[in-house]
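Pasting my_file_1.cif here (mmCIF, N, CA and C atoms):
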```cif
data_query
#
loop_
_atom_site.label_atom_id
_atom_site.label_comp_id
_atom_site.auth_asym_id
_atom_site.auth_seq_id
_atom_site.Cartn_x
_atom_site.Cartn_y
_atom_site.Cartn_z
N MET A 1 -19.55 27.53 -79.03
CA MET A 1 -19.99 27.21 -80.37
C MET A 1 -21.15 26.22 -80.27
N ASN A 2 -22.19 26.47 -81.00
CA ASN A 2 -23.38 25.62 -80.98
C ASN A 2 -23.64 25.17 -82.41
N HIS A 3 -23.13 24.00 -82.78
CA HIS A 3 -23.32 23.45 -84.11
C HIS A 3 -23.55 21.95 -83.98
N ILE A 4 -24.56 21.46 -84.69
CA ILE A 4 -24.89 20.05 -84.61
C ILE A 4 -25.16 19.52 -86.01
N VAL A 5 -24.74 18.29 -86.26
CA VAL A 5 -25.02 17.60 -87.51
C VAL A 5 -25.57 16.22 -87.15
N ILE A 6 -26.76 15.91 -87.67
CA ILE A 6 -27.35 14.60 -87.42
C ILE A 6 -27.82 14.01 -88.74
N MET A 7 -27.90 12.69 -88.77
CA MET A 7 -28.39 12.01 -89.96
C MET A 7 -29.28 10.86 -89.52
N GLY A 8 -30.43 10.74 -90.15
CA GLY A 8 -31.35 9.67 -89.81
C GLY A 8 -32.54 9.66 -90.74
N ARG A 9 -33.53 8.85 -90.40
CA ARG A 9 -34.75 8.73 -91.21
C ARG A 9 -35.88 9.52 -90.59
N LEU A 10 -36.67 10.17 -91.44
CA LEU A 10 -37.83 10.91 -90.96
C LEU A 10 -38.85 9.94 -90.38
N THR A 11 -39.34 10.25 -89.19
CA THR A 11 -40.33 9.38 -88.54
C THR A 11 -41.75 9.71 -88.98
N ARG A 12 -41.92 10.85 -89.63
CA ARG A 12 -43.23 11.28 -90.15
C ARG A 12 -42.98 12.31 -91.24
N ASP A 13 -44.01 12.58 -92.03
CA ASP A 13 -43.91 13.63 -93.03
C ASP A 13 -43.71 14.97 -92.32
N PRO A 14 -42.88 15.86 -92.90
CA PRO A 14 -42.72 17.18 -92.30
C PRO A 14 -44.06 17.93 -92.27
N GLU A 15 -44.30 18.65 -91.20
CA GLU A 15 -45.53 19.42 -91.03
C GLU A 15 -45.21 20.90 -91.20
N ARG A 16 -45.80 21.52 -92.21
CA ARG A 16 -45.54 22.93 -92.49
C ARG A 16 -46.70 23.78 -91.97
N ARG A 17 -46.35 24.89 -91.37
CA ARG A 17 -47.34 25.87 -90.93
C ARG A 17 -46.70 27.25 -91.09
N GLU A 18 -47.43 28.28 -90.74
CA GLU A 18 -46.91 29.65 -90.84
C GLU A 18 -47.14 30.38 -89.52
N THR A 19 -46.22 31.28 -89.21
CA THR A 19 -46.39 32.11 -88.03
C THR A 19 -47.48 33.16 -88.34
N GLN A 20 -47.85 33.96 -87.36
CA GLN A 20 -48.86 35.00 -87.56
C GLN A 20 -48.43 36.03 -88.58
N THR A 21 -47.11 36.16 -88.77
CA THR A 21 -46.60 37.12 -89.76
C THR A 21 -46.37 36.48 -91.13
N GLY A 22 -46.70 35.18 -91.26
CA GLY A 22 -46.59 34.51 -92.55
C GLY A 22 -45.26 33.82 -92.81
N THR A 23 -44.41 33.72 -91.81
CA THR A 23 -43.12 33.05 -91.97
C THR A 23 -43.32 31.53 -91.95
N PRO A 24 -42.85 30.82 -93.00
CA PRO A 24 -43.01 29.36 -93.03
C PRO A 24 -42.12 28.69 -91.98
N VAL A 25 -42.67 27.65 -91.33
CA VAL A 25 -41.92 26.84 -90.39
C VAL A 25 -42.36 25.40 -90.55
N ALA A 26 -41.40 24.49 -90.54
CA ALA A 26 -41.71 23.06 -90.68
C ALA A 26 -41.10 22.31 -89.51
N SER A 27 -41.82 21.30 -89.05
CA SER A 27 -41.29 20.47 -87.97
C SER A 27 -41.36 19.01 -88.39
N PHE A 28 -40.36 18.26 -87.96
CA PHE A 28 -40.29 16.83 -88.23
C PHE A 28 -39.35 16.22 -87.21
N SER A 29 -39.25 14.92 -87.19
CA SER A 29 -38.30 14.28 -86.29
C SER A 29 -37.52 13.23 -87.06
N LEU A 30 -36.30 13.01 -86.62
CA LEU A 30 -35.41 12.02 -87.22
C LEU A 30 -35.11 10.91 -86.24
N ALA A 31 -35.13 9.68 -86.74
CA ALA A 31 -34.68 8.53 -85.96
C ALA A 31 -33.19 8.37 -86.26
N VAL A 32 -32.36 8.63 -85.27
CA VAL A 32 -30.91 8.64 -85.45
C VAL A 32 -30.30 7.50 -84.65
N ASP A 33 -29.65 6.57 -85.35
CA ASP A 33 -29.01 5.44 -84.68
C ASP A 33 -27.74 5.90 -83.98
N ARG A 34 -27.52 5.35 -82.80
CA ARG A 34 -26.26 5.62 -82.10
C ARG A 34 -25.16 4.79 -82.75
N GLY A 35 -23.94 5.22 -82.59
CA GLY A 35 -22.82 4.58 -83.26
C GLY A 35 -22.30 3.32 -82.58
N TYR A 36 -23.01 2.82 -81.61
CA TYR A 36 -22.56 1.62 -80.89
C TYR A 36 -23.77 0.79 -80.50
N ALA A 37 -23.52 -0.47 -80.17
CA ALA A 37 -24.59 -1.38 -79.75
C ALA A 37 -24.60 -1.49 -78.22
N SER A 38 -25.76 -1.79 -77.67
CA SER A 38 -25.92 -1.97 -76.25
C SER A 38 -25.14 -3.21 -75.78
N ARG A 39 -24.48 -3.10 -74.65
CA ARG A 39 -23.74 -4.25 -74.12
C ARG A 39 -24.68 -5.38 -73.72
N ASP A 40 -25.84 -5.02 -73.18
CA ASP A 40 -26.79 -6.02 -72.70
C ASP A 40 -27.46 -6.78 -73.84
N SER A 41 -28.04 -6.07 -74.76
CA SER A 41 -28.83 -6.72 -75.81
C SER A 41 -28.08 -6.89 -77.12
N GLY A 42 -27.01 -6.12 -77.31
CA GLY A 42 -26.28 -6.18 -78.57
C GLY A 42 -26.95 -5.40 -79.70
N GLU A 43 -28.06 -4.73 -79.39
CA GLU A 43 -28.79 -3.97 -80.40
C GLU A 43 -28.39 -2.50 -80.35
N ARG A 44 -28.49 -1.86 -81.51
CA ARG A 44 -28.22 -0.42 -81.57
C ARG A 44 -29.40 0.34 -80.99
N GLN A 45 -29.08 1.40 -80.29
CA GLN A 45 -30.11 2.27 -79.73
C GLN A 45 -30.41 3.38 -80.73
N THR A 46 -31.63 3.88 -80.69
CA THR A 46 -32.05 4.95 -81.59
C THR A 46 -32.57 6.12 -80.78
N ASP A 47 -32.14 7.33 -81.17
CA ASP A 47 -32.67 8.55 -80.57
C ASP A 47 -33.64 9.19 -81.56
N PHE A 48 -34.73 9.73 -81.05
CA PHE A 48 -35.72 10.41 -81.88
C PHE A 48 -35.58 11.90 -81.59
N ILE A 49 -35.09 12.64 -82.57
CA ILE A 49 -34.70 14.04 -82.38
C ILE A 49 -35.65 14.95 -83.15
N ASP A 50 -36.23 15.92 -82.44
CA ASP A 50 -37.12 16.89 -83.07
C ASP A 50 -36.30 17.94 -83.82
N VAL A 51 -36.79 18.31 -85.01
CA VAL A 51 -36.11 19.29 -85.85
C VAL A 51 -37.14 20.33 -86.28
N VAL A 52 -36.71 21.59 -86.33
CA VAL A 52 -37.55 22.66 -86.84
C VAL A 52 -36.75 23.42 -87.90
N ALA A 53 -37.41 23.73 -89.02
CA ALA A 53 -36.78 24.46 -90.11
C ALA A 53 -37.63 25.70 -90.42
N TRP A 54 -36.97 26.78 -90.78
CA TRP A 54 -37.65 28.05 -91.02
C TRP A 54 -37.48 28.51 -92.46
N ARG A 55 -38.39 29.31 -92.91
CA ARG A 55 -38.38 30.03 -94.19
C ARG A 55 -38.16 29.09 -95.38
N GLY A 56 -37.14 29.36 -96.21
CA GLY A 56 -36.90 28.57 -97.41
C GLY A 56 -36.55 27.12 -97.11
N THR A 57 -35.86 26.89 -96.01
CA THR A 57 -35.53 25.52 -95.62
C THR A 57 -36.80 24.76 -95.26
N ALA A 58 -37.76 25.43 -94.64
CA ALA A 58 -39.04 24.79 -94.32
C ALA A 58 -39.78 24.39 -95.59
N ASP A 59 -39.80 25.28 -96.57
CA ASP A 59 -40.46 24.97 -97.84
C ASP A 59 -39.76 23.80 -98.55
N PHE A 60 -38.43 23.81 -98.55
CA PHE A 60 -37.64 22.76 -99.18
C PHE A 60 -37.94 21.40 -98.55
N VAL A 61 -37.94 21.34 -97.24
CA VAL A 61 -38.16 20.08 -96.53
C VAL A 61 -39.56 19.53 -96.80
N THR A 62 -40.57 20.38 -96.73
CA THR A 62 -41.93 19.88 -96.93
C THR A 62 -42.19 19.48 -98.38
N LYS A 63 -41.46 20.06 -99.31
CA LYS A 63 -41.67 19.74 -100.73
C LYS A 63 -40.94 18.47 -101.15
N TYR A 64 -39.75 18.23 -100.61
CA TYR A 64 -38.90 17.16 -101.14
C TYR A 64 -38.65 15.99 -100.20
N PHE A 65 -39.14 16.02 -98.97
CA PHE A 65 -38.87 14.93 -98.04
C PHE A 65 -40.17 14.32 -97.52
N ALA A 66 -40.11 13.03 -97.18
CA ALA A 66 -41.29 12.32 -96.68
C ALA A 66 -40.86 11.29 -95.64
N LYS A 67 -41.83 10.78 -94.92
CA LYS A 67 -41.59 9.77 -93.89
C LYS A 67 -40.76 8.62 -94.46
N GLY A 68 -39.78 8.17 -93.67
CA GLY A 68 -38.94 7.04 -94.05
C GLY A 68 -37.69 7.41 -94.82
N GLN A 69 -37.63 8.62 -95.31
CA GLN A 69 -36.50 9.06 -96.11
C GLN A 69 -35.31 9.44 -95.23
N MET A 70 -34.10 9.10 -95.70
CA MET A 70 -32.87 9.44 -94.99
C MET A 70 -32.45 10.86 -95.36
N CYS A 71 -32.03 11.63 -94.36
CA CYS A 71 -31.50 12.96 -94.63
C CYS A 71 -30.49 13.34 -93.55
N ALA A 72 -29.71 14.36 -93.85
CA ALA A 72 -28.77 14.92 -92.89
C ALA A 72 -29.20 16.36 -92.61
N VAL A 73 -29.05 16.77 -91.36
CA VAL A 73 -29.43 18.11 -90.93
C VAL A 73 -28.23 18.76 -90.26
N SER A 74 -27.96 19.98 -90.66
CA SER A 74 -26.91 20.78 -90.04
C SER A 74 -27.58 22.01 -89.44
N GLY A 75 -27.26 22.31 -88.17
CA GLY A 75 -27.90 23.45 -87.53
C GLY A 75 -27.38 23.66 -86.14
N ARG A 76 -28.28 24.09 -85.26
CA ARG A 76 -27.89 24.36 -83.87
C ARG A 76 -28.90 23.73 -82.93
N LEU A 77 -28.45 23.41 -81.74
CA LEU A 77 -29.31 22.85 -80.70
C LEU A 77 -29.97 24.00 -79.95
N GLN A 78 -31.28 23.88 -79.72
CA GLN A 78 -32.02 24.92 -79.01
C GLN A 78 -32.85 24.29 -77.91
N MET A 79 -32.79 24.86 -76.72
CA MET A 79 -33.61 24.42 -75.61
C MET A 79 -34.83 25.32 -75.57
N ARG A 80 -36.00 24.71 -75.38
CA ARG A 80 -37.25 25.48 -75.36
C ARG A 80 -38.02 25.14 -74.10
N ASP A 81 -38.35 26.17 -73.32
CA ASP A 81 -39.15 26.01 -72.11
C ASP A 81 -40.61 26.32 -72.43
N TRP A 82 -41.53 25.54 -71.86
CA TRP A 82 -42.95 25.77 -72.09
C TRP A 82 -43.74 25.21 -70.91
N THR A 83 -45.01 25.58 -70.84
CA THR A 83 -45.89 25.13 -69.77
C THR A 83 -46.98 24.27 -70.38
N ASP A 84 -47.17 23.05 -69.84
CA ASP A 84 -48.20 22.16 -70.38
C ASP A 84 -49.59 22.57 -69.90
N LYS A 85 -50.61 21.85 -70.36
CA LYS A 85 -52.00 22.23 -70.04
C LYS A 85 -52.32 22.12 -68.55
N ASP A 86 -51.51 21.34 -67.79
CA ASP A 86 -51.72 21.21 -66.36
C ASP A 86 -50.93 22.23 -65.55
N GLY A 87 -50.21 23.12 -66.24
CA GLY A 87 -49.45 24.16 -65.56
C GLY A 87 -48.03 23.74 -65.18
N ASN A 88 -47.61 22.54 -65.58
CA ASN A 88 -46.26 22.08 -65.27
C ASN A 88 -45.26 22.67 -66.25
N LYS A 89 -44.12 23.09 -65.71
CA LYS A 89 -43.07 23.62 -66.58
C LYS A 89 -42.35 22.46 -67.26
N ARG A 90 -42.16 22.58 -68.56
CA ARG A 90 -41.50 21.54 -69.36
C ARG A 90 -40.35 22.16 -70.13
N ARG A 91 -39.44 21.30 -70.55
CA ARG A 91 -38.30 21.74 -71.35
C ARG A 91 -38.01 20.65 -72.37
N ASN A 92 -37.75 21.07 -73.60
CA ASN A 92 -37.33 20.08 -74.58
C ASN A 92 -36.25 20.68 -75.48
N ALA A 93 -35.49 19.78 -76.07
CA ALA A 93 -34.42 20.17 -76.97
C ALA A 93 -34.86 19.88 -78.40
N GLU A 94 -34.46 20.75 -79.31
CA GLU A 94 -34.74 20.54 -80.72
C GLU A 94 -33.59 21.10 -81.54
N VAL A 95 -33.44 20.60 -82.73
CA VAL A 95 -32.42 21.10 -83.64
C VAL A 95 -33.09 22.11 -84.56
N VAL A 96 -32.51 23.30 -84.65
CA VAL A 96 -32.96 24.31 -85.61
C VAL A 96 -32.10 24.12 -86.86
N ALA A 97 -32.74 23.68 -87.95
CA ALA A 97 -32.01 23.32 -89.17
C ALA A 97 -31.60 24.55 -89.97
N ASP A 98 -30.31 24.64 -90.26
CA ASP A 98 -29.83 25.66 -91.21
C ASP A 98 -29.85 25.08 -92.62
N GLN A 99 -29.46 23.81 -92.73
CA GLN A 99 -29.43 23.13 -94.02
C GLN A 99 -29.89 21.69 -93.86
N VAL A 100 -30.59 21.20 -94.88
CA VAL A 100 -31.04 19.81 -94.91
C VAL A 100 -30.57 19.22 -96.22
N TYR A 101 -29.99 18.02 -96.17
CA TYR A 101 -29.37 17.41 -97.34
C TYR A 101 -29.98 16.05 -97.66
N PHE A 102 -30.06 15.73 -98.94
CA PHE A 102 -30.35 14.37 -99.37
C PHE A 102 -29.13 13.52 -99.03
N THR A 103 -29.33 12.30 -98.55
CA THR A 103 -28.20 11.42 -98.24
C THR A 103 -28.32 10.06 -98.90
N GLU A 104 -29.27 9.91 -99.81
CA GLU A 104 -29.40 8.64 -100.52
C GLU A 104 -29.80 8.93 -101.96
N SER A 105 -29.61 7.93 -102.81
CA SER A 105 -29.93 8.10 -104.22
C SER A 105 -31.43 8.21 -104.43
N LYS A 106 -31.83 8.69 -105.59
CA LYS A 106 -33.25 8.83 -105.91
C LYS A 106 -33.94 7.47 -105.85
N LYS A 107 -33.29 6.43 -106.35
CA LYS A 107 -33.89 5.09 -106.32
C LYS A 107 -34.12 4.63 -104.88
N SER A 108 -33.15 4.87 -104.01
CA SER A 108 -33.30 4.49 -102.60
C SER A 108 -34.39 5.31 -101.94
N ARG A 109 -34.45 6.62 -102.26
CA ARG A 109 -35.50 7.47 -101.69
C ARG A 109 -36.87 6.98 -102.12
N ASP A 110 -37.03 6.68 -103.41
CA ASP A 110 -38.32 6.22 -103.91
C ASP A 110 -38.73 4.91 -103.23
N ALA A 111 -37.77 4.02 -103.01
CA ALA A 111 -38.07 2.75 -102.35
C ALA A 111 -38.47 2.97 -100.89
N SER A 112 -37.80 3.91 -100.20
CA SER A 112 -38.08 4.13 -98.79
C SER A 112 -39.41 4.82 -98.54
N ILE A 113 -39.88 5.63 -99.51
CA ILE A 113 -41.16 6.30 -99.32
C ILE A 113 -42.27 5.62 -100.11
N GLY A 114 -41.98 4.50 -100.76
CA GLY A 114 -42.99 3.73 -101.44
C GLY A 114 -43.26 4.17 -102.87
N ALA A 115 -42.60 5.21 -103.34
CA ALA A 115 -42.73 5.70 -104.71
C ALA A 115 -44.17 5.99 -105.10
N SER A 116 -45.04 6.19 -104.10
CA SER A 116 -46.44 6.48 -104.42
C SER A 116 -46.61 7.89 -104.96
N GLU A 117 -45.78 8.81 -104.46
CA GLU A 117 -45.84 10.18 -104.96
C GLU A 117 -44.51 10.48 -105.62
N PRO A 118 -44.53 10.95 -106.86
CA PRO A 118 -43.26 11.32 -107.47
C PRO A 118 -42.68 12.53 -106.76
N LYS A 119 -41.42 12.44 -106.37
CA LYS A 119 -40.73 13.56 -105.75
C LYS A 119 -39.69 14.05 -106.74
N GLU A 120 -39.60 15.38 -106.91
CA GLU A 120 -38.57 15.90 -107.79
C GLU A 120 -37.22 15.60 -107.16
N SER A 121 -36.21 15.47 -108.01
CA SER A 121 -34.93 15.05 -107.49
C SER A 121 -33.81 15.91 -108.02
N PHE A 122 -32.82 16.11 -107.18
CA PHE A 122 -31.58 16.67 -107.61
C PHE A 122 -30.50 16.09 -106.74
N GLY A 123 -29.26 16.39 -107.01
CA GLY A 123 -28.13 15.72 -106.38
C GLY A 123 -28.07 15.91 -104.89
N ALA A 124 -27.39 14.98 -104.22
CA ALA A 124 -27.22 15.04 -102.78
C ALA A 124 -26.46 16.30 -102.40
N GLY A 125 -26.85 16.90 -101.30
CA GLY A 125 -26.14 18.06 -100.80
C GLY A 125 -26.80 19.39 -101.09
N TYR A 126 -27.76 19.46 -101.99
CA TYR A 126 -28.45 20.71 -102.21
C TYR A 126 -29.30 21.02 -100.99
N SER A 127 -29.24 22.24 -100.53
CA SER A 127 -30.01 22.59 -99.36
C SER A 127 -31.13 23.56 -99.67
N THR A 128 -31.24 23.99 -100.91
CA THR A 128 -32.35 24.83 -101.31
C THR A 128 -32.87 24.35 -102.65
N PRO A 129 -34.16 24.52 -102.92
CA PRO A 129 -34.71 24.05 -104.19
C PRO A 129 -34.13 24.82 -105.36
N VAL A 130 -33.99 24.15 -106.47
CA VAL A 130 -33.57 24.78 -107.72
C VAL A 130 -34.57 24.40 -108.78
N GLU A 131 -34.63 25.20 -109.82
CA GLU A 131 -35.52 24.87 -110.92
C GLU A 131 -35.02 23.59 -111.57
N THR A 132 -35.90 22.59 -111.68
CA THR A 132 -35.49 21.31 -112.24
C THR A 132 -35.71 21.23 -113.74
N SER A 133 -36.31 22.26 -114.35
CA SER A 133 -36.59 22.20 -115.78
C SER A 133 -35.32 22.16 -116.61
N ASP A 134 -34.21 22.72 -116.10
CA ASP A 134 -32.95 22.73 -116.83
C ASP A 134 -32.08 21.52 -116.52
N PHE A 135 -32.56 20.63 -115.68
CA PHE A 135 -31.78 19.48 -115.28
C PHE A 135 -32.45 18.20 -115.73
N ALA A 136 -31.64 17.18 -115.96
CA ALA A 136 -32.18 15.87 -116.33
C ALA A 136 -31.57 14.83 -115.42
N GLU A 137 -32.36 13.86 -115.02
CA GLU A 137 -31.90 12.75 -114.19
C GLU A 137 -31.06 11.83 -115.05
N LEU A 138 -29.85 11.55 -114.62
CA LEU A 138 -28.97 10.63 -115.35
C LEU A 138 -29.14 9.25 -114.75
N ASP A 139 -29.39 8.28 -115.60
CA ASP A 139 -29.54 6.91 -115.14
C ASP A 139 -28.23 6.18 -115.40
N MET A 140 -27.31 6.30 -114.44
CA MET A 140 -26.01 5.67 -114.60
C MET A 140 -25.51 5.19 -113.24
N ASP A 141 -24.59 4.27 -113.27
CA ASP A 141 -24.01 3.72 -112.05
C ASP A 141 -22.90 4.63 -111.56
N ASP A 142 -22.88 4.93 -110.28
CA ASP A 142 -21.85 5.79 -109.71
C ASP A 142 -20.52 5.07 -109.49
N GLY A 143 -20.48 3.78 -109.74
CA GLY A 143 -19.29 2.97 -109.47
C GLY A 143 -18.06 3.36 -110.28
N ASP A 144 -18.22 4.02 -111.40
CA ASP A 144 -17.07 4.39 -112.23
C ASP A 144 -16.50 5.76 -111.90
N LEU A 145 -17.10 6.48 -110.96
CA LEU A 145 -16.61 7.81 -110.63
C LEU A 145 -15.33 7.69 -109.82
N PRO A 146 -14.37 8.60 -110.05
CA PRO A 146 -13.06 8.52 -109.38
C PRO A 146 -13.08 9.02 -107.94
N PHE A 147 -14.21 9.44 -107.43
CA PHE A 147 -14.27 9.95 -106.03
C PHE A 147 -15.38 9.33 -105.28
#
```
Take the structure in the file and give it back as structure tokens.
Amino acid sequence: MNHIVIMGRLTRDPERRETQTGTPVASFSLAVDRGYASRDSGERQTDFIDVVAWRGTADFVTKYFAKGQMCAVSGRLQMRDWTDKDGNKRRNAEVVADQVYFTESKKSRDASIGASEPKESFGAGYSTPVETSDFAELDMDDGDLPF
């Protein structure tokens, strides 16, 4: 079974491009904190993980996510072999995203990306864009919810 779930902050804005056949693909990386601190320094270590998203997920990520924003990615780990410009064989690992989720409130997202560009918003957990014209942002505290 090959399934991976990671959560972290985008280290850069997602980069969208298209294959020769017109299939959308987006790439980005997440800074993911490890769940423990180093014995020597007492600081948490961070892994920088490359992520690639295809088709509708690629469009969703490039439209609604930006550098500094927290998100969760569910997908599979893929190893990719390639040859660099000097002819050396290289290998890298990347996560192929099946779903990408919001993991913070709209206010937190706006603060983390500087609120310079308005981003459309919908609830955490949506993995595909929906028409926002039928939805309204509720300005209320989540503290009274029973879950």
Quick check for you: according to DSSP on this backbone, which residues of region 19-83 of chain A are classed as helix (DSSP H, G or I)? Reply as a list in words. Arg55, Gly56, Thr57, Ala58, Asp59, Phe60, Val61, Thr62, Lys63 and Tyr64 of chain A
Prev. selection, N, CA and C atoms, output as a PDB file, keeping the file's coordinate frame:
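part-v8.pdb, freshly written:
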```pdb
ATOM      1  N   ARG A  55     -38.390  29.310 -92.910  1.00  0.00           N
ATOM      2  CA  ARG A  55     -38.380  30.030 -94.190  1.00  0.00           C
ATOM      3  C   ARG A  55     -38.160  29.090 -95.380  1.00  0.00           C
ATOM      4  N   GLY A  56     -37.140  29.360 -96.210  1.00  0.00           N
ATOM      5  CA  GLY A  56     -36.900  28.570 -97.410  1.00  0.00           C
ATOM      6  C   GLY A  56     -36.550  27.120 -97.110  1.00  0.00           C
ATOM      7  N   THR A  57     -35.860  26.890 -96.010  1.00  0.00           N
ATOM      8  CA  THR A  57     -35.530  25.520 -95.620  1.00  0.00           C
ATOM      9  C   THR A  57     -36.800  24.760 -95.260  1.00  0.00           C
ATOM     10  N   ALA A  58     -37.760  25.430 -94.640  1.00  0.00           N
ATOM     11  CA  ALA A  58     -39.040  24.790 -94.320  1.00  0.00           C
ATOM     12  C   ALA A  58     -39.780  24.390 -95.590  1.00  0.00           C
ATOM     13  N   ASP A  59     -39.800  25.280 -96.570  1.00  0.00           N
ATOM     14  CA  ASP A  59     -40.460  24.970 -97.840  1.00  0.00           C
ATOM     15  C   ASP A  59     -39.760  23.800 -98.550  1.00  0.00           C
ATOM     16  N   PHE A  60     -38.430  23.810 -98.550  1.00  0.00           N
ATOM     17  CA  PHE A  60     -37.640  22.760 -99.180  1.00  0.00           C
ATOM     18  C   PHE A  60     -37.940  21.400 -98.550  1.00  0.00           C
ATOM     19  N   VAL A  61     -37.940  21.340 -97.240  1.00  0.00           N
ATOM     20  CA  VAL A  61     -38.160  20.080 -96.530  1.00  0.00           C
ATOM     21  C   VAL A  61     -39.560  19.530 -96.800  1.00  0.00           C
ATOM     22  N   THR A  62     -40.570  20.380 -96.730  1.00  0.00           N
ATOM     23  CA  THR A  62     -41.930  19.880 -96.930  1.00  0.00           C
ATOM     24  C   THR A  62     -42.190  19.480 -98.380  1.00  0.00           C
ATOM     25  N   LYS A  63     -41.460  20.060 -99.310  1.00  0.00           N
ATOM     26  CA  LYS A  63     -41.670  19.740-100.730  1.00  0.00           C
ATOM     27  C   LYS A  63     -40.940  18.470-101.150  1.00  0.00           C
ATOM     28  N   TYR A  64     -39.750  18.230-100.610  1.00  0.00           N
ATOM     29  CA  TYR A  64     -38.900  17.160-101.140  1.00  0.00           C
ATOM     30  C   TYR A  64     -38.650  15.990-100.200  1.00  0.00           C
TER      31      TYR A  64
END
```
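With the shown file loaded, the PyMOL selection byres (((chain A and resi 52 and name CA) around 8) and name CA) picks out Val25, Ala26, Ser27, Phe28, Asp50, Val51, Ala53, Trp54, Ala58, Glu94, Val95, Val96 and Ala97 of chain A.
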Output N, CA and C atoms for every residue in the selection just made, as a compact mmCIF listing (two decimals), in the coordinates of the input.
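Result written to again14.txt:
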```
# COMPACT_ATOMS: atom_id res chain seq x y z
N VAL A 25 -42.67 27.65 -91.33
CA VAL A 25 -41.92 26.84 -90.39
C VAL A 25 -42.36 25.40 -90.55
N ALA A 26 -41.40 24.49 -90.54
CA ALA A 26 -41.71 23.06 -90.68
C ALA A 26 -41.10 22.31 -89.51
N SER A 27 -41.82 21.30 -89.05
CA SER A 27 -41.29 20.47 -87.97
C SER A 27 -41.36 19.01 -88.39
N PHE A 28 -40.36 18.26 -87.96
CA PHE A 28 -40.29 16.83 -88.23
C PHE A 28 -39.35 16.22 -87.21
N ASP A 50 -36.23 15.92 -82.44
CA ASP A 50 -37.12 16.89 -83.07
C ASP A 50 -36.30 17.94 -83.82
N VAL A 51 -36.79 18.31 -85.01
CA VAL A 51 -36.11 19.29 -85.85
C VAL A 51 -37.14 20.33 -86.28
N ALA A 53 -37.41 23.73 -89.02
CA ALA A 53 -36.78 24.46 -90.11
C ALA A 53 -37.63 25.70 -90.42
N TRP A 54 -36.97 26.78 -90.78
CA TRP A 54 -37.65 28.05 -91.02
C TRP A 54 -37.48 28.51 -92.46
N ALA A 58 -37.76 25.43 -94.64
CA ALA A 58 -39.04 24.79 -94.32
C ALA A 58 -39.78 24.39 -95.59
N GLU A 94 -34.46 20.75 -79.31
CA GLU A 94 -34.74 20.54 -80.72
C GLU A 94 -33.59 21.10 -81.54
N VAL A 95 -33.44 20.60 -82.73
CA VAL A 95 -32.42 21.10 -83.64
C VAL A 95 -33.09 22.11 -84.56
N VAL A 96 -32.51 23.30 -84.65
CA VAL A 96 -32.96 24.31 -85.61
C VAL A 96 -32.10 24.12 -86.86
N ALA A 97 -32.74 23.68 -87.95
CA ALA A 97 -32.01 23.32 -89.17
C ALA A 97 -31.60 24.55 -89.97
```
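Distance annotation: of A:Ala93, A:Met79, A:Val73, A:Ala66, the residue with the minimal separation from Leu10 (chain A) is A:Ala66; atom set is all atoms listed in the file.
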I'd like the neighbourhood of region 29-39 of chain A as an NGL selection string, where a residue qualifies if any of its atoms comes within 8 Å (using all atoms listed in the file), though same-chain residues fewer than 3 positions away should be ignored. :A and (6-15 or 26 or 42-52 or 71)
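Once the PyMOL selection byres ((chain A and resi 90-92) around 6.5) is applied to this file, the selection holds A:Gln78, A:Met79, A:Arg80, A:Asp81, A:Trp82, A:Thr83, A:Asp84, A:Asn88, A:Lys89, A:Ala93, A:Glu94.
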Separation of CA of Gln69 (chain A) from CA of Val5 (chain A) in Å: 16.7 Å
What do you get, as a PyMOL selection string, if you spell out every residue that the PyMOL selection byres (((chain A and resi 23 and name CA) around 10) and name CA) selects here? chain A and resi 17-22+24-25+54-56+58
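Between atom C of Met70 (chain A) and CA of Thr103 (chain A) there is a distance of 5.2 Å.
We find atom C of Tyr101 (chain A) and atom C of Ala72 (chain A) to be spaced 5.1 Å apart.
Nearest residue to Ile4 (chain A), choosing from A:Lys67, A:Arg76, A:Asp59, A:Gln99 and counting all atoms listed in the file: A:Arg76.
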Quick check for you: according to DSSP on this backbone, which residues of region 6-108 of chain A are classed as strand (DSSP E)? Reply as a ChimeraX atom specification. /A:6-10,15-18,24-37,44-54,70-83,89-102
